[in-house]
Amino acid sequence: MVTPRVLGVLLLSRLLLWASGMEYSSNKQEQARRQPEQPRNVCLGLINKGQYESFHLASTASCFTKCTQSGNEGCNLENLQRYWLEFEHHLLESQSGIVNMSFLKAAVQNVSTNISEDLFFSLTPSQVPGQVTEDEREHPDRVRLPRSLFESLQSNRSEVLLAITVLDTSPGNLFKGPQLSLEDGSRVLNNRLVGLSLGGISVSRLAEPLEITFSHQHLPSNMSLSCVFWDVTKGSAGDWSSTGCSTELRAKRTVCRCDHLTFFALLLKPILDRATVQFLVRISQAGCGASMIFLAFTIVLYAVLRFYRQRFKSEDAPKIHVALSMSLFLLNLAFFVSVGHGPEQSDATCWVRGAVFHYFLLCTFTWMGLEAFHLYLLVIKVFNTYFGHYFLKLSLVGWGLPALIVFGTGSADSYGLYAIRDKSNVTTLELCWFREKATASALYTTVHGYFLVTFLFGAVVLGLVAWKIFTLPSATAGKGQGPNWKGVFTVLGLSSLVGVTWWLAILTPLGRSTIYVFAVFNSLQGVFIFCWFTTLYFPSRSAGASSSGTGRADQVHTMSHE
C-alpha cells in the first residue's frame with residue numbers, strides 16, 4: 001500500500017521533470033530564434049526542381065542575370081541547366097499547349113506522321129512558335145522538319161507530339177560551357193537557344209537533316225559563326241558541340257543543318273581572340289627574328305662579294321636583292337619595336353612609330369614590285385632594256401615614293417594607337433599604326449590598294465616567267481623530257497623576291513588555319529631570300545652559270561651608266 005508520503009515524493013519528482021523539460025524546450029526555441037534564417041536560394045537549382053508553373057519559371061529565370069561569369073558563388077549551373085533541359089519533357093508529359101513569357105516561348109503540337117511535305121515553324125523571338133508556310137522572307141527565323149523524319153515513325157504511331165522552345169538566357173553564365181568561358185567576346189548569338197523534342201523519342205542520325213535558320217545583322221570580318229548543340233555528355237555540366245551539324249553562312253542569316261533533335265544555338269566567336277593573337281605574335285616574332293638574322297647575312301655576303309668580285313659593282317640584280325633585304329630587315333625591326341612596347345607612350349612617339357612602320361612596309365612592297373619589274377625586263381622584254389642610271393632611278397622609286405605617301409598620310413594625322421578588338425569590345429592587341437579614328441580611305445588606299453597593285457603586277461610577271469621557263473625547254477629539246485626540277489626551284493626562288501608569301505594574306509578570311517600559314521611563311525621571307533641569294537651567287541662557276549641565267553642577264557641589258 002502506497003502511503004501519502006510516497007505519493008507526495010512521486011508527484012514532486014514529476015513536477016521537477018516537467019519543469020526541466022519546459023526549460024530545455026524554451027532554451028531550444030530561443031537558440032533557434034537567435035540563429036539567422038537560411039535563405040531560399042533558387043539559383044542552386046533545387047527549390048524549383050520539377051516545378052514549371054509560371055511563378056517557378058520566372059523565379060528560376062532570374063538566375064540568368066544573377067549567375068554571371070564574375071560571380072557564381074550562389075549558383076549551381078549544372079542544376080539550373082538541367083532544369084531548362086527537362087522543361088521540354090514536362091511540356092510533352094503535361095501536353096501544355098502554349099507558354100508565352102518574356103524570356104520563354106514554347107508550344108506543343110500534335111503532328112501527323114503521314115504528311116506529304118516538310119513542316120516549317122517560326123522561331124521569331126517575340127512570338128510563340130507556330131506552323132508557317134515556306135515563305136522565307138516572311139519568316140526569316142524558322143525551323144524546317146523534313147517529311148522523312150515523320151515517315152520513319154509511321155510504323156509505331158499515327159501522331160506524335162512536337163515541342164518547340166525558344167529560350168532567352170540573357171548574357172549570364174548559363175549555357176556557356178568551357179568553350180565560352182574565356183573573356184574573348186565569345187557568346188551565344190542573341191543569347192537564344194532553340195529546343196526541339198519529338199514525343200519523348202531520342203532522334204539522331206537523320207538521313208535528311210533538319211534546318212534551323214537564324215537571322216542576324218551583318219557581322220564584322222573578325223567574327224565567326226558556328227552551329228552547335230548542347231551536349232550533356234561533355235564535362236560535368238555539359239558543353240557546346242558541333243558534331244552532326246553543318247553551318248551555311250549567308251548575308252544576314254545562317255542556316256544550321258543537324259541530324260538530331262536537342263537544344264541548338266549559334267555561337268559567335270572572334271577569329272582572332274586574345275590567345276590566338278598572342279600566339280600569332282609569338283610566331284611572327286620568332287619568324288621575323290630568324291629573317292632578320294638571314295637578311296643581315298645576305299647584306300654582309302653582298303658586301304664581301306662586292307669587295308672580292310669587281311664585276312658585282314656593275315651588276316644591278318644583286319643591288320636590287322640587297323635593297324629588298326634592307327627594307328625587309330628594317331620592317332621587321334619596326335615590327336619588333338611596335339609590338340614589343342606597350343601603349344604607355346606619348347602620342348608623338350606612337351605617331352612616329354606608326355609612320356616608320358608604314359614607311360618600311362611600303363618600301364618592302366615597292367621593292368618587291370621593282371624586283372618584278374626587273375624580272376620583266378630580263379626575261380620578258382629582253383631587248384631595248386638599257387636605262388641610264390638604272391639602279392639610281394629604281395632607288396628613287398623604292399625609297400622616295402613611300403616617303404611621299406607617308407608624308408601625305410601623316411599630314412592628315414592618320415597615325416596613332418591602334419587596337420584590335422573583338423565583338424565584345426575586348427582589346428586583344430595594341431600597336432602604333434593607323435589611329436582608330438583615322439579615315440578608312442587612308443588605310444585602304446595606302447596599304448590595301450598599294451599591296452593589291454604590287455600583287456597583281458608581281459603575279460602577272462611571275463606567271464609569264466614560269467610559262468617561259470617551262471615551255472621554252474620543251475619546245476627546243478622536244479617532248480619526252482622529265483620533270484624540270486631546275487625550273488621549279490628557279491620559280492620558287494623568284495617567288496620569294498616578288499613577295500609570294502605576302503599573297504597568302506588574301507586567303508586569311510578563309511579561317512584561322514590560313515592565318516597561321518600566312519604568319520609562318522611571311523615572317524620567314526628573309527630566310528627564303530638568303531637561300532636564293534646564296535644559290536644564285538655562291539655555287540661553282542659551272543653550276544652558277546646554268547642555274548642563275550636570269551639573275552646574271554642584267555650584266556648585258558641593264559648595266560648602270562655611271
# chains A, B, ... in the order shown; residues from 1 in each chain; ligands from 1
>>> closest_atom_pairs(of="segment 224-318 of chain A", to="segment 530-534 of chain A", cutoff="8 Å", atoms="only C-alpha atoms", output="CSV")
residue,atom,partner,partner_atom,distance
A:Phe294,CA,A:Phe530,CA,6.0
A:Leu295,CA,A:Phe530,CA,6.4
A:Phe297,CA,A:Phe530,CA,7.4
A:Thr298,CA,A:Phe530,CA,5.6
>>> write_last_selection(atoms="N, CA and C atoms", output="mmCIF file, in the first residue's frame")
data_model
loop_
_atom_site.group_PDB
_atom_site.id
_atom_site.type_symbol
_atom_site.label_atom_id
_atom_site.label_comp_id
_atom_site.auth_asym_id
_atom_site.auth_seq_id
_atom_site.Cartn_x
_atom_site.Cartn_y
_atom_site.Cartn_z
ATOM 1 N N PHE A 294 69.068 36.237 -91.151
ATOM 2 C CA PHE A 294 69.452 35.823 -92.501
ATOM 3 C C PHE A 294 69.518 37.003 -93.464
ATOM 4 N N LEU A 295 68.681 38.004 -93.248
ATOM 5 C CA LEU A 295 68.773 39.205 -94.084
ATOM 6 C C LEU A 295 70.096 39.932 -93.834
ATOM 7 N N PHE A 297 72.828 38.424 -92.918
ATOM 8 C CA PHE A 297 73.810 37.594 -93.625
ATOM 9 C C PHE A 297 73.827 37.929 -95.115
ATOM 10 N N THR A 298 72.656 38.150 -95.691
ATOM 11 C CA THR A 298 72.569 38.479 -97.115
ATOM 12 C C THR A 298 73.304 39.778 -97.419
#
>>> atom_distance(atom1="atom CA of Val517 of chain A", atom2="atom CA of Ala275 of chain A")
16.8 Å
>>> residues_around(residues="Thr60 of chain A", least_positions_apart="3", cutoff="9 Å", atoms="only C-alpha atoms", output="ChimeraX atom specification")
/A:42-43,45,48,55-57,63-64,80,83
>>> residues_around(residues="Gly463 of chain A", least_positions_apart="3", cutoff="12 Å", atoms="only C-alpha atoms", output="PyMOL selection string")
chain A and resi 372+375-376+379-380+455-460+466-471+491-492+494-495+498+500
>>> residues_around(residues="Asp347 of chain A", least_positions_apart="5", cutoff="12 Å", atoms="only C-alpha atoms", output="list in words")
Val352, Arg353, Gly354, Asp413, Ser414, Tyr415, Gly416, Leu417, Tyr418, Leu431, Cys432, Trp433 and Arg435 of chain A
>>> residues_around(residues="Val281 of chain A", least_positions_apart="3", cutoff="12 Å", atoms="only C-alpha atoms", output="JSON, numbers by chain")
{"A": [272, 274, 275, 276, 277, 278, 284, 285, 286, 287, 288, 289, 335, 336, 338, 339, 340, 428, 429, 430, 431, 515, 516, 519, 520, 523]}
>>> residues_around(residues="Leu330 of chain A", least_positions_apart="5", cutoff="9 Å", atoms="only C-alpha atoms", output="VMD selection string")
chain A and resid 292 325 335 357 360 to 361
>>> closest_residue(among="A:Phe489, A:Phe451, A:Phe121, A:Phe407", to="Tyr359 of chain A", atoms="only C-alpha atoms")
A:Phe407
>>> atom_distance(atom1="atom CA of Ser112 of chain A", atom2="atom CA of Arg144 of chain A")
15.4 Å
>>> atom_distance(atom1="atom CA of Pro171 of chain A", atom2="atom CA of Val108 of chain A")
27.1 Å
>>> closest_residue(among="A:Leu149, A:Ser170, A:Gly238, A:Val143", to="Leu77 of chain A", atoms="only C-alpha atoms")
A:Gly238
